[in-house]
>>> print(open('target.txt').read())   # compact mmCIF, C-alpha atoms
# COMPACT_ATOMS: atom_id res chain seq x y z
CA MET I 1 0.00 0.00 0.00
CA ARG I 2 1.35 3.41 -0.94
CA SER I 3 1.45 6.19 1.62
CA PRO I 4 -1.35 8.68 0.95
CA PHE I 5 1.26 11.39 1.54
CA HIS I 6 3.61 10.04 -1.12
CA SER I 7 3.00 13.06 -3.32
CA GLU I 8 1.18 16.37 -3.08
CA PRO I 9 -1.80 15.32 -5.26
CA GLU I 10 -2.16 12.05 -3.33
CA ALA I 11 -2.06 13.92 -0.01
CA PHE I 12 -4.68 16.37 -1.32
CA HIS I 13 -6.98 13.55 -2.42
CA PHE I 14 -6.52 11.80 0.90
CA VAL I 15 -7.41 14.92 2.90
CA LEU I 16 -10.41 15.53 0.63
CA LEU I 17 -11.59 11.93 1.12
CA LEU I 18 -11.07 12.21 4.86
CA ALA I 19 -13.10 15.42 4.96
CA ALA I 20 -15.86 13.80 2.91
CA VAL I 21 -16.09 11.04 5.53
CA VAL I 22 -15.47 12.98 8.75
CA VAL I 23 -17.58 16.09 8.08
CA PRO I 24 -20.93 14.26 7.61
CA ILE I 25 -20.20 12.14 10.69
CA ALA I 26 -19.33 15.23 12.74
CA LEU I 27 -22.44 17.07 11.53
CA ALA I 28 -24.64 14.09 12.27
CA ALA I 29 -23.07 13.77 15.72
CA ALA I 30 -23.63 17.47 16.45
CA PHE I 31 -27.08 18.02 15.00
CA GLY I 32 -28.59 14.68 13.99
CA PRO I 33 -29.96 11.67 15.81
CA THR I 34 -27.59 9.06 17.20
CA TRP I 35 -28.73 6.36 14.76
CA LEU I 36 -27.62 8.52 11.81
CA THR I 37 -24.17 9.01 13.28
CA LEU I 38 -23.79 5.30 13.92
CA THR I 39 -25.02 4.45 10.43
CA LEU I 40 -22.50 6.82 8.83
CA VAL I 41 -19.67 5.41 10.93
CA ALA I 42 -20.70 1.87 10.01
CA VAL I 43 -20.80 2.74 6.29
CA ALA I 44 -17.36 4.37 6.47
CA VAL I 45 -15.84 1.38 8.29
CA ALA I 46 -17.45 -1.07 5.86
CA ALA I 47 -16.16 0.90 2.84
CA LEU I 48 -12.65 0.95 4.31
CA ALA I 49 -12.73 -2.79 5.03
CA LEU I 50 -14.04 -3.54 1.52
CA ARG I 51 -11.32 -1.44 -0.11
CA ARG I 52 -8.64 -3.13 1.99
CA LEU I 53 -9.95 -6.57 1.02
CA GLN I 54 -10.03 -5.52 -2.62
CA LEU I 55 -6.39 -4.36 -2.51
CA HIS I 56 -5.34 -7.52 -0.69
CA ARG I 57 -6.99 -9.75 -3.32
CA ALA I 58 -5.57 -7.72 -6.19
CA THR I 59 -2.06 -8.17 -4.81
CA ARG I 60 -2.33 -11.87 -4.07
CA HIS I 61 -4.47 -13.02 -6.96
CA PRO I 62 -4.07 -10.58 -9.84
CA LEU I 63 -6.92 -11.19 -12.25
CA GLU I 64 -5.34 -9.03 -14.87
CA LEU I 65 -1.70 -9.30 -15.74
CA GLU I 66 0.63 -7.28 -17.84
CA LEU I 67 2.54 -9.09 -20.53
CA LYS I 68 5.88 -10.38 -19.33
CA SER I 69 8.69 -8.19 -20.49
CA ALA I 70 12.38 -7.55 -19.93
CA PRO I 71 14.99 -5.06 -21.05
CA ALA I 72 17.86 -6.04 -23.34
CA HIS I 73 20.96 -7.61 -21.84
CA VAL I 74 23.63 -5.05 -21.06
CA GLY I 75 27.38 -5.55 -21.27
CA PRO I 76 29.34 -8.18 -23.14
CA PRO I 77 27.51 -11.44 -23.93
CA GLU I 78 29.55 -13.41 -21.42
CA GLN I 79 28.48 -11.10 -18.59
CA ARG I 80 25.82 -12.45 -16.25
CA ARG I 81 23.85 -10.10 -14.04
CA ILE I 82 21.95 -11.64 -11.14
CA LEU I 83 19.40 -9.82 -9.00
CA PHE I 84 18.81 -11.26 -5.53
CA VAL I 85 15.74 -10.15 -3.59
CA ALA I 86 15.71 -10.82 0.14
CA ASN I 87 15.14 -9.29 3.54
CA ASP I 88 14.35 -11.64 6.43
CA THR I 89 16.59 -14.34 4.92
CA LEU I 90 19.52 -12.03 4.12
CA ASN I 91 21.78 -13.38 6.82
CA GLU I 92 20.92 -17.04 6.56
CA GLU I 93 23.89 -19.23 5.67
CA THR I 94 22.00 -20.74 2.72
CA PHE I 95 21.41 -17.33 1.19
CA ILE I 96 25.03 -16.19 1.63
CA ARG I 97 26.32 -19.46 0.14
CA GLU I 98 24.02 -19.07 -2.88
CA VAL I 99 25.21 -15.51 -3.48
CA GLU I 100 28.84 -16.59 -3.18
CA ALA I 101 28.33 -19.51 -5.55
CA LEU I 102 26.75 -17.40 -8.28
CA ALA I 103 28.99 -14.36 -7.79
CA SER I 104 32.08 -16.60 -8.06
CA ALA I 105 31.32 -17.44 -11.70
CA PRO I 106 33.41 -15.50 -14.24
CA ASN I 107 31.86 -12.19 -15.33
CA ALA I 108 29.09 -12.44 -12.76
CA HIS I 109 27.60 -9.30 -11.24
CA VAL I 110 25.34 -9.63 -8.26
CA PHE I 111 22.96 -7.03 -6.92
CA ILE I 112 21.07 -7.65 -3.69
CA LEU I 113 17.80 -5.80 -3.31
CA ALA I 114 16.41 -5.59 0.21
CA PRO I 115 12.86 -4.22 0.18
CA ALA I 116 12.07 -2.88 3.65
CA LEU I 117 9.27 -4.74 5.45
CA ILE I 118 6.85 -1.86 5.88
CA SER I 119 3.37 -2.66 7.12
CA ALA I 120 0.31 -0.94 5.64
CA GLY I 121 -0.19 0.91 8.91
CA ALA I 122 3.40 2.16 8.97
CA ARG I 123 3.05 3.38 5.38
CA LEU I 124 -0.10 5.22 6.30
CA THR I 125 1.56 7.02 9.18
CA GLY I 126 4.93 7.43 7.48
CA ASP I 127 6.61 5.51 10.30
CA ILE I 128 9.03 3.61 8.08
CA ASP I 129 12.41 4.45 9.62
CA HIS I 130 12.61 1.30 11.76
CA ALA I 131 11.90 -0.96 8.77
CA LEU I 132 14.48 0.87 6.65
CA ASP I 133 17.11 0.67 9.41
CA GLN I 134 16.42 -3.03 9.84
CA ALA I 135 16.77 -3.70 6.10
CA ARG I 136 19.95 -1.61 5.94
CA ALA I 137 21.52 -3.44 8.89
CA ARG I 138 20.68 -6.86 7.43
CA LEU I 139 22.00 -5.91 4.01
CA GLU I 140 25.23 -4.47 5.39
CA GLU I 141 25.82 -7.60 7.45
CA ALA I 142 25.15 -9.83 4.42
CA LEU I 143 27.46 -7.83 2.16
CA GLY I 144 30.10 -7.92 4.89
CA ARG I 145 30.00 -11.74 4.86
CA ILE I 146 30.51 -11.96 1.09
CA PRO I 147 34.19 -12.03 0.08
CA SER I 148 35.22 -8.57 -1.10
CA GLU I 149 36.81 -9.89 -4.32
CA LEU I 150 33.34 -10.89 -5.58
CA ASP I 151 31.29 -8.36 -7.51
CA ALA I 152 28.32 -8.03 -5.18
CA THR I 153 26.57 -4.82 -4.22
CA GLY I 154 23.17 -4.04 -2.79
CA GLU I 155 20.52 -1.51 -1.95
CA ILE I 156 17.49 -1.18 0.27
CA SER I 157 14.15 0.12 -0.94
CA ASP I 158 11.18 1.69 0.79
CA ALA I 159 8.84 0.73 -2.06
CA ASP I 160 6.46 -2.21 -2.19
CA PRO I 161 8.59 -5.32 -3.00
CA LEU I 162 7.16 -5.77 -6.53
CA LYS I 163 7.62 -2.10 -7.34
CA ALA I 164 11.13 -2.21 -5.89
CA ILE I 165 11.96 -5.19 -8.12
CA GLU I 166 10.53 -3.37 -11.14
CA ASP I 167 12.82 -0.42 -10.42
CA ALA I 168 15.81 -2.70 -9.91
CA VAL I 169 15.13 -4.47 -13.23
CA ALA I 170 15.04 -1.08 -14.97
CA THR I 171 18.31 0.09 -13.45
CA PHE I 172 20.38 -3.09 -12.97
CA MET I 173 18.97 -4.95 -15.99
CA PRO I 174 19.44 -8.47 -14.63
CA ASP I 175 19.60 -11.69 -16.62
CA GLN I 176 18.15 -13.68 -13.74
CA ILE I 177 16.15 -12.95 -10.59
CA ILE I 178 16.44 -14.98 -7.41
CA VAL I 179 13.79 -14.33 -4.77
CA SER I 180 14.65 -15.56 -1.31
CA THR I 181 11.78 -16.17 1.10
CA ARG I 182 10.77 -18.48 3.89
CA CYS I 183 8.70 -21.53 3.07
CA GLU I 184 5.67 -20.11 4.84
CA GLN I 185 4.63 -16.53 5.48
CA PRO I 186 6.53 -15.32 8.56
CA ALA I 187 5.17 -12.63 10.87
CA ARG I 188 7.69 -10.17 9.46
CA GLY I 189 9.13 -11.26 6.13
CA LEU I 190 8.75 -11.26 2.38
CA ASP I 191 5.66 -12.98 0.98
CA PRO I 192 6.51 -16.56 -0.10
CA GLN I 193 4.38 -15.92 -3.22
CA LEU I 194 6.60 -13.04 -4.29
CA ALA I 195 8.60 -15.22 -6.70
CA ASP I 196 5.41 -16.26 -8.52
CA LEU I 197 4.34 -12.65 -8.90
CA VAL I 198 7.78 -11.72 -10.26
CA ARG I 199 7.67 -14.68 -12.65
CA ARG I 200 4.37 -13.44 -14.08
CA ARG I 201 5.71 -9.96 -14.68
CA PHE I 202 9.17 -10.40 -16.18
CA ALA I 203 10.42 -12.31 -19.21
CA LEU I 204 13.41 -13.48 -17.20
CA PRO I 205 14.33 -16.71 -15.44
CA VAL I 206 13.03 -16.37 -11.88
CA VAL I 207 14.16 -18.76 -9.14
CA ARG I 208 12.61 -19.03 -5.71
CA LEU I 209 15.19 -19.73 -3.04
CA THR I 210 13.37 -21.14 -0.03
CA VAL I 211 15.39 -20.61 3.11
CA GLU I 212 14.69 -21.94 6.56
CA SER I 213 16.77 -21.13 9.61
CA ALA I 214 19.82 -23.42 9.60
CA VAL I 215 18.05 -26.03 7.45
CA GLY I 216 18.48 -25.68 3.72
CA ALA I 217 17.21 -24.40 0.45
CA SER I 218 14.93 -25.85 -2.19
CA MET H 1 -11.15 -19.83 -18.43
CA ALA H 2 -8.26 -22.21 -19.08
CA ALA H 3 -5.93 -21.42 -21.94
CA GLN H 4 -4.69 -24.26 -24.09
CA GLY H 5 -1.15 -24.39 -25.40
CA ARG H 6 -0.17 -25.47 -28.90
CA GLN H 7 0.75 -28.90 -27.58
CA GLY H 8 -2.53 -29.02 -25.66
CA ALA H 9 -0.96 -28.28 -22.30
CA PRO H 10 -3.36 -26.39 -20.05
CA GLN H 11 -2.12 -23.02 -18.88
CA THR H 12 -3.10 -20.80 -15.99
CA ALA H 13 -6.05 -18.59 -16.87
CA VAL H 14 -5.22 -14.91 -16.88
CA ASN H 15 -6.69 -11.84 -18.38
CA ILE H 16 -3.89 -10.18 -20.32
CA THR H 17 -3.70 -6.41 -20.10
CA PRO H 18 -0.97 -5.13 -22.39
CA GLN H 19 0.84 -2.08 -21.07
CA PRO H 20 3.07 0.39 -22.89
CA TRP H 21 6.69 -0.71 -23.14
CA ARG H 22 8.89 0.18 -20.19
CA TRP H 23 12.10 -0.59 -22.06
CA ASP H 24 14.10 1.18 -24.73
CA ARG H 25 14.09 0.18 -28.40
CA PRO H 26 14.64 -2.07 -30.25
CA ARG H 27 11.70 -4.08 -28.89
CA VAL H 28 10.42 -7.46 -29.96
CA LEU H 29 7.06 -8.95 -29.01
CA VAL H 30 7.12 -12.74 -28.97
CA GLU H 31 3.77 -14.52 -29.27
CA HIS H 32 4.22 -18.11 -28.21
CA PRO H 33 1.85 -20.46 -26.37
CA ASP H 34 4.63 -22.36 -24.60
CA GLU H 35 6.09 -20.49 -21.64
CA ALA H 36 9.43 -22.29 -21.49
CA ALA H 37 10.01 -21.95 -25.23
CA SER H 38 9.10 -18.27 -25.20
CA LEU H 39 11.50 -17.63 -22.31
CA THR H 40 14.31 -19.33 -24.23
CA ILE H 41 13.61 -17.19 -27.29
CA ALA H 42 13.36 -14.09 -25.07
CA SER H 43 16.72 -14.88 -23.49
CA GLY H 44 18.36 -15.20 -26.91
CA LEU H 45 16.80 -11.94 -28.06
CA ARG H 46 17.88 -10.11 -24.90
CA TYR H 47 21.48 -11.20 -25.38
CA ALA H 48 21.22 -10.04 -29.01
CA GLY H 49 20.32 -6.57 -27.73
CA TYR H 50 16.52 -6.50 -27.90
CA ALA H 51 14.02 -5.66 -25.19
CA VAL H 52 11.35 -8.35 -25.20
CA ALA H 53 7.74 -8.91 -24.25
CA ILE H 54 6.05 -12.30 -24.21
CA CYS H 55 2.40 -13.02 -24.92
CA SER H 56 0.93 -16.52 -24.78
CA GLY H 57 -1.85 -15.54 -27.17
CA PRO H 58 -5.62 -15.69 -26.75
CA LEU H 59 -7.56 -18.73 -25.66
CA ASP H 60 -10.38 -18.13 -28.05
CA VAL H 61 -11.68 -15.87 -30.80
CA GLY H 62 -12.28 -12.29 -29.68
CA GLN H 63 -10.16 -12.53 -26.56
CA CYS H 64 -7.01 -10.78 -27.78
CA PRO H 65 -7.10 -7.08 -26.80
CA LEU H 66 -5.61 -6.29 -30.21
CA CYS H 67 -8.82 -7.49 -31.86
CA GLY H 68 -11.04 -5.43 -29.58
CA SER H 69 -11.53 -1.76 -28.88
CA ASP H 70 -8.74 -1.62 -26.31
CA GLY H 71 -5.96 -2.39 -28.79
CA CYS H 72 -2.54 -3.61 -27.73
CA ALA H 73 0.04 -0.96 -26.87
CA THR H 74 2.76 -3.60 -26.76
CA ALA H 75 2.13 -4.71 -30.35
CA HIS H 76 1.70 -1.16 -31.66
CA ASP H 77 5.01 0.02 -30.20
CA ALA H 78 7.05 -3.08 -31.02
CA ASP H 79 9.77 -2.93 -33.66
CA LEU H 80 8.93 -6.49 -34.65
CA VAL H 81 6.40 -9.16 -33.70
CA VAL H 82 7.41 -12.81 -33.72
CA SER H 83 4.31 -14.96 -34.02
CA CYS H 84 4.62 -18.63 -33.13
CA LEU H 85 0.98 -19.17 -32.14
CA GLY H 86 0.32 -22.00 -34.56
CA PHE H 87 -2.31 -21.10 -37.10
CA GLU H 88 -4.54 -24.15 -36.99
CA ARG H 89 -6.75 -22.25 -34.51
CA GLU H 90 -9.04 -19.48 -35.70
CA ALA H 91 -8.07 -17.40 -32.63
CA ALA H 92 -4.45 -17.29 -33.86
CA ARG H 93 -5.53 -16.37 -37.40
CA GLU H 94 -7.66 -13.58 -35.98
CA VAL H 95 -4.65 -12.17 -34.12
CA MET H 96 -2.64 -12.31 -37.33
CA ARG H 97 -5.35 -10.43 -39.26
CA ALA H 98 -5.53 -7.80 -36.50
CA LEU H 99 -1.75 -7.39 -36.57
CA ARG H 100 -1.79 -6.92 -40.34
CA THR H 101 -4.57 -4.33 -40.31
CA ARG H 102 -3.96 -2.50 -37.02
CA CYS H 103 -0.17 -2.48 -36.95
CA PRO H 104 0.70 -2.27 -40.65
CA ASP H 105 4.10 -0.66 -39.98
CA VAL H 106 5.25 -3.35 -37.57
CA PRO H 107 7.13 -6.14 -39.35
CA LEU H 108 5.96 -9.67 -38.66
CA LEU H 109 8.07 -12.76 -38.39
CA ILE H 110 5.90 -15.86 -38.52
CA GLU H 111 6.89 -19.36 -37.58
CA ALA H 112 4.66 -21.57 -39.72
CA PRO H 113 4.85 -25.11 -41.05
CA PRO H 114 5.41 -25.55 -44.77
CA GLY H 115 2.39 -26.44 -46.90
CA THR H 116 -0.08 -24.01 -45.38
CA ASP H 117 -3.53 -23.55 -46.89
CA SER H 118 -4.41 -20.76 -49.32
CA ASP H 119 -6.08 -18.63 -46.62
CA LEU H 120 -2.86 -18.61 -44.64
CA ARG H 121 -0.73 -17.96 -47.71
CA ASP H 122 -2.81 -14.81 -48.32
CA LEU H 123 -2.51 -13.87 -44.68
CA PHE H 124 1.25 -14.33 -44.70
CA ALA H 125 1.80 -12.29 -47.86
CA GLY H 126 4.46 -9.67 -47.17
CA CYS H 127 5.45 -11.22 -43.82
CA HIS H 128 8.76 -12.87 -43.04
CA VAL H 129 8.08 -16.58 -42.71
CA LEU H 130 10.30 -18.93 -40.76
CA PRO H 131 9.66 -22.62 -41.43
CA ALA H 132 8.43 -24.45 -38.34
CA PRO H 133 9.79 -25.96 -36.23
CA ALA H 134 12.46 -23.30 -35.67
CA THR H 135 15.03 -23.34 -32.90
CA PRO H 136 15.40 -20.29 -30.63
CA GLU H 137 18.73 -19.57 -32.35
CA GLN H 138 17.01 -19.57 -35.74
CA VAL H 139 14.34 -17.19 -34.44
CA VAL H 140 16.98 -14.81 -33.05
CA ALA H 141 18.95 -14.93 -36.33
CA ALA H 142 15.77 -14.23 -38.33
CA VAL H 143 14.90 -11.27 -36.06
CA GLN H 144 18.38 -9.85 -36.54
CA GLU H 145 18.06 -10.29 -40.29
CA VAL H 146 14.63 -8.62 -40.48
CA LEU H 147 15.49 -5.70 -38.20
CA GLY H 148 18.86 -5.29 -39.90
CA LYS H 149 17.11 -5.06 -43.27
CA ARG H 150 14.52 -2.71 -41.83
CA THR H 151 17.23 -0.36 -40.56
CA GLU H 152 18.87 -0.33 -43.98
CA GLU H 153 15.56 0.26 -45.76
CA GLY H 154 14.34 2.90 -43.32
CA PRO H 155 11.33 2.98 -41.01
CA GLY H 156 7.89 1.91 -42.17
CA VAL H 157 9.09 -0.84 -44.47
CA ALA H 158 7.80 -4.25 -43.49
>>> encode(input="target.txt", output="structure tokens")
Amino acid sequence: MRSPFHSEPEAFHFVLLLAAVVVPIALAAAFGPTWLTLTLVAVAVAALALRRLQLHRATRHPLELELKSAPAHVGPPEQRRILFVANDTLNEETFIREVEALASAPNAHVFILAPALISAGARLTGDIDHALDQARARLEEALGRIPSELDATGEISDADPLKAIEDAVATFMPDQIIVSTRCEQPARGLDPQLADLVRRRFALPVVRLTVESAVGAS
Amino acid sequence: MAAQGRQGAPQTAVNITPQPWRWDRPRVLVEHPDEAASLTIASGLRYAGYAVAICSGPLDVGQCPLCGSDGCATAHDADLVVSCLGFEREAAREVMRALRTRCPDVPLLIEAPPGTDSDLRDLFAGCHVLPAPATPEQVVAAVQEVLGKRTEEGPGVA
């Protein structure tokens, strides 16, 4: 979910919408009967819940999909550019080993994207610093564990994971995407279905690296 | 809705909504019902310097946005369309007709078996035809040949 204060027009629309909801409720509370106030509050809550459900379904089960696409390969033909996407699994041994293995190949360039785990509520209030700090700390630790002679860099992102990957594809132009998640949805972690969503969007090989604490990958 | 591949393999049902290209030219749209094969072709094209988009084609007649009022931004803004949909189905022929009439400036490279019927021969007139079955390397080489020729001849020449 995007923050309603992401841009000036979005903030304006949000304030307008808020006024359209709050003003009738306030007027009803001040001058109208109690049942009218309660009805308006119930309608507002139901509309909010419906919209949230709609957004949730659209993210998890997109009914409409764009065509898969990908930018041209950049660099010499022998160069291989690999985009890793991870957050909660960044410092697992399995993930580090996988990065090392692929980055060790000749002419391999690795870029690790760490989308911050920002809840919908935090986005709404703009309270995203903790999630960004956490992603930054995990990424720095992971990059610190990768031998310096390997070509591996990384970046955090405050965008929604899919949007962050879209931006990374546009700038890094990978030849392969590896999405590292847990097997099942953790309380605070990337969605295990993220790899499937990425696979549907990009005309690139997409691998899901399933990482469990001190167990292994599939 | 369950799409059917050329080899009869069922595919996941989706409603395709073509978007404008996000990537720089040259751009190639690959229409292929088999996901693995289209990814292999896309990989070859990417390494040859082309941005790519992949479309698995419509399930049935009237389902391709190109044939409807919405149109297909991806096809319109492509530098070349590679069509490997298999033309035994009317849905694939309909897409081909729409490409010819709605995107007349976009060159078409068609993978088609030899010995096609007269309807198809008329439909393919003026297109670049690659005998089926073609390997991904042959498709990439044909794309390079067509787009190379097009550059030499100037824009708007199919």
>>> atom_distance(input="target.txt", atom1="atom CA of H:His76", atom2="atom CA of I:Pro71")
17.4 Å
>>> closest_atom_pairs(input="target.txt", of="chain I", to="chain H", cutoff="10 Å", atoms="only C-alpha atoms", output="Markdown table")
| residue | atom | partner | partner_atom | distance |
| --- | --- | --- | --- | --- |
| I:Pro62 | CA | H:Val14 | CA | 8.3 |
| I:Leu63 | CA | H:Asn15 | CA | 6.2 |
| I:Glu64 | CA | H:Asn15 | CA | 4.7 |
| I:Leu65 | CA | H:Ile16 | CA | 5.2 |
| I:Glu66 | CA | H:Thr17 | CA | 5.0 |
| I:Leu67 | CA | H:Pro18 | CA | 5.6 |
| I:Lys68 | CA | H:Ile54 | CA | 5.2 |
| I:Ser69 | CA | H:Ala53 | CA | 3.9 |
| I:Ala70 | CA | H:Val52 | CA | 5.4 |
| I:Pro71 | CA | H:Ala51 | CA | 4.3 |
| I:Ala72 | CA | H:Ala51 | CA | 4.3 |
| I:His73 | CA | H:Arg46 | CA | 5.0 |
| I:Val74 | CA | H:Gly49 | CA | 7.6 |
| I:Gly75 | CA | H:Tyr47 | CA | 9.1 |
| I:Pro76 | CA | H:Tyr47 | CA | 8.7 |
| I:Pro77 | CA | H:Tyr47 | CA | 6.2 |
| I:Glu78 | CA | H:Tyr47 | CA | 9.3 |
| I:Gln79 | CA | H:Tyr47 | CA | 9.8 |
| I:Glu166 | CA | H:Arg22 | CA | 9.9 |
| I:Ala170 | CA | H:Trp23 | CA | 7.7 |
| I:Asp175 | CA | H:Ser43 | CA | 8.1 |
| I:Gln176 | CA | H:Ser43 | CA | 9.9 |
| I:Arg201 | CA | H:Ile54 | CA | 9.8 |
| I:Phe202 | CA | H:Ala53 | CA | 8.3 |
| I:Ala203 | CA | H:Leu39 | CA | 6.3 |
| I:Leu204 | CA | H:Leu39 | CA | 6.9 |
| I:Pro205 | CA | H:Leu39 | CA | 7.5 |
>>> closest_residue(input="target.txt", among="H:Cys127, H:Val106, H:Ala134, H:Ala98", to="H:Ser69", atoms="all atoms listed in the file")
H:Ala98
>>> atom_distance(input="target.txt", atom1="atom CA of I:Arg188", atom2="atom CA of I:Arg97")
22.8 Å
>>> closest_residue(input="target.txt", among="H:Asp60, H:Glu90, H:Asp70, H:Asp79", to="H:Val146", atoms="only C-alpha atoms")
H:Asp79
>>> residues_near_point(input="target.txt", point="(-3.5, -18.6, -41.6)", cutoff="7 Å", atoms="only C-alpha atoms", output="ChimeraX atom specification")
/H:87,93,119-121,123
>>> residues_near_point(input="target.txt", point="(-12.5, 8.6, 14.4)", cutoff="12 Å", atoms="only C-alpha atoms", output="PyMOL selection string")
chain I and resi 18-19+21-23+25-26+29+37-38+40-42+44-45
>>> closest_residue(input="target.txt", among="H:Ala132, H:Cys64, H:Ala37, H:Ile110", to="H:Ala91", atoms="all atoms listed in the file")
H:Cys64
>>> atom_distance(input="target.txt", atom1="atom CA of H:Pro104", atom2="atom CA of H:Gly71")
13.6 Å
>>> closest_residue(input="target.txt", among="H:Ala73, H:Leu59, H:Cys67, H:Val82", to="H:Val139", atoms="all atoms listed in the file")
H:Val82
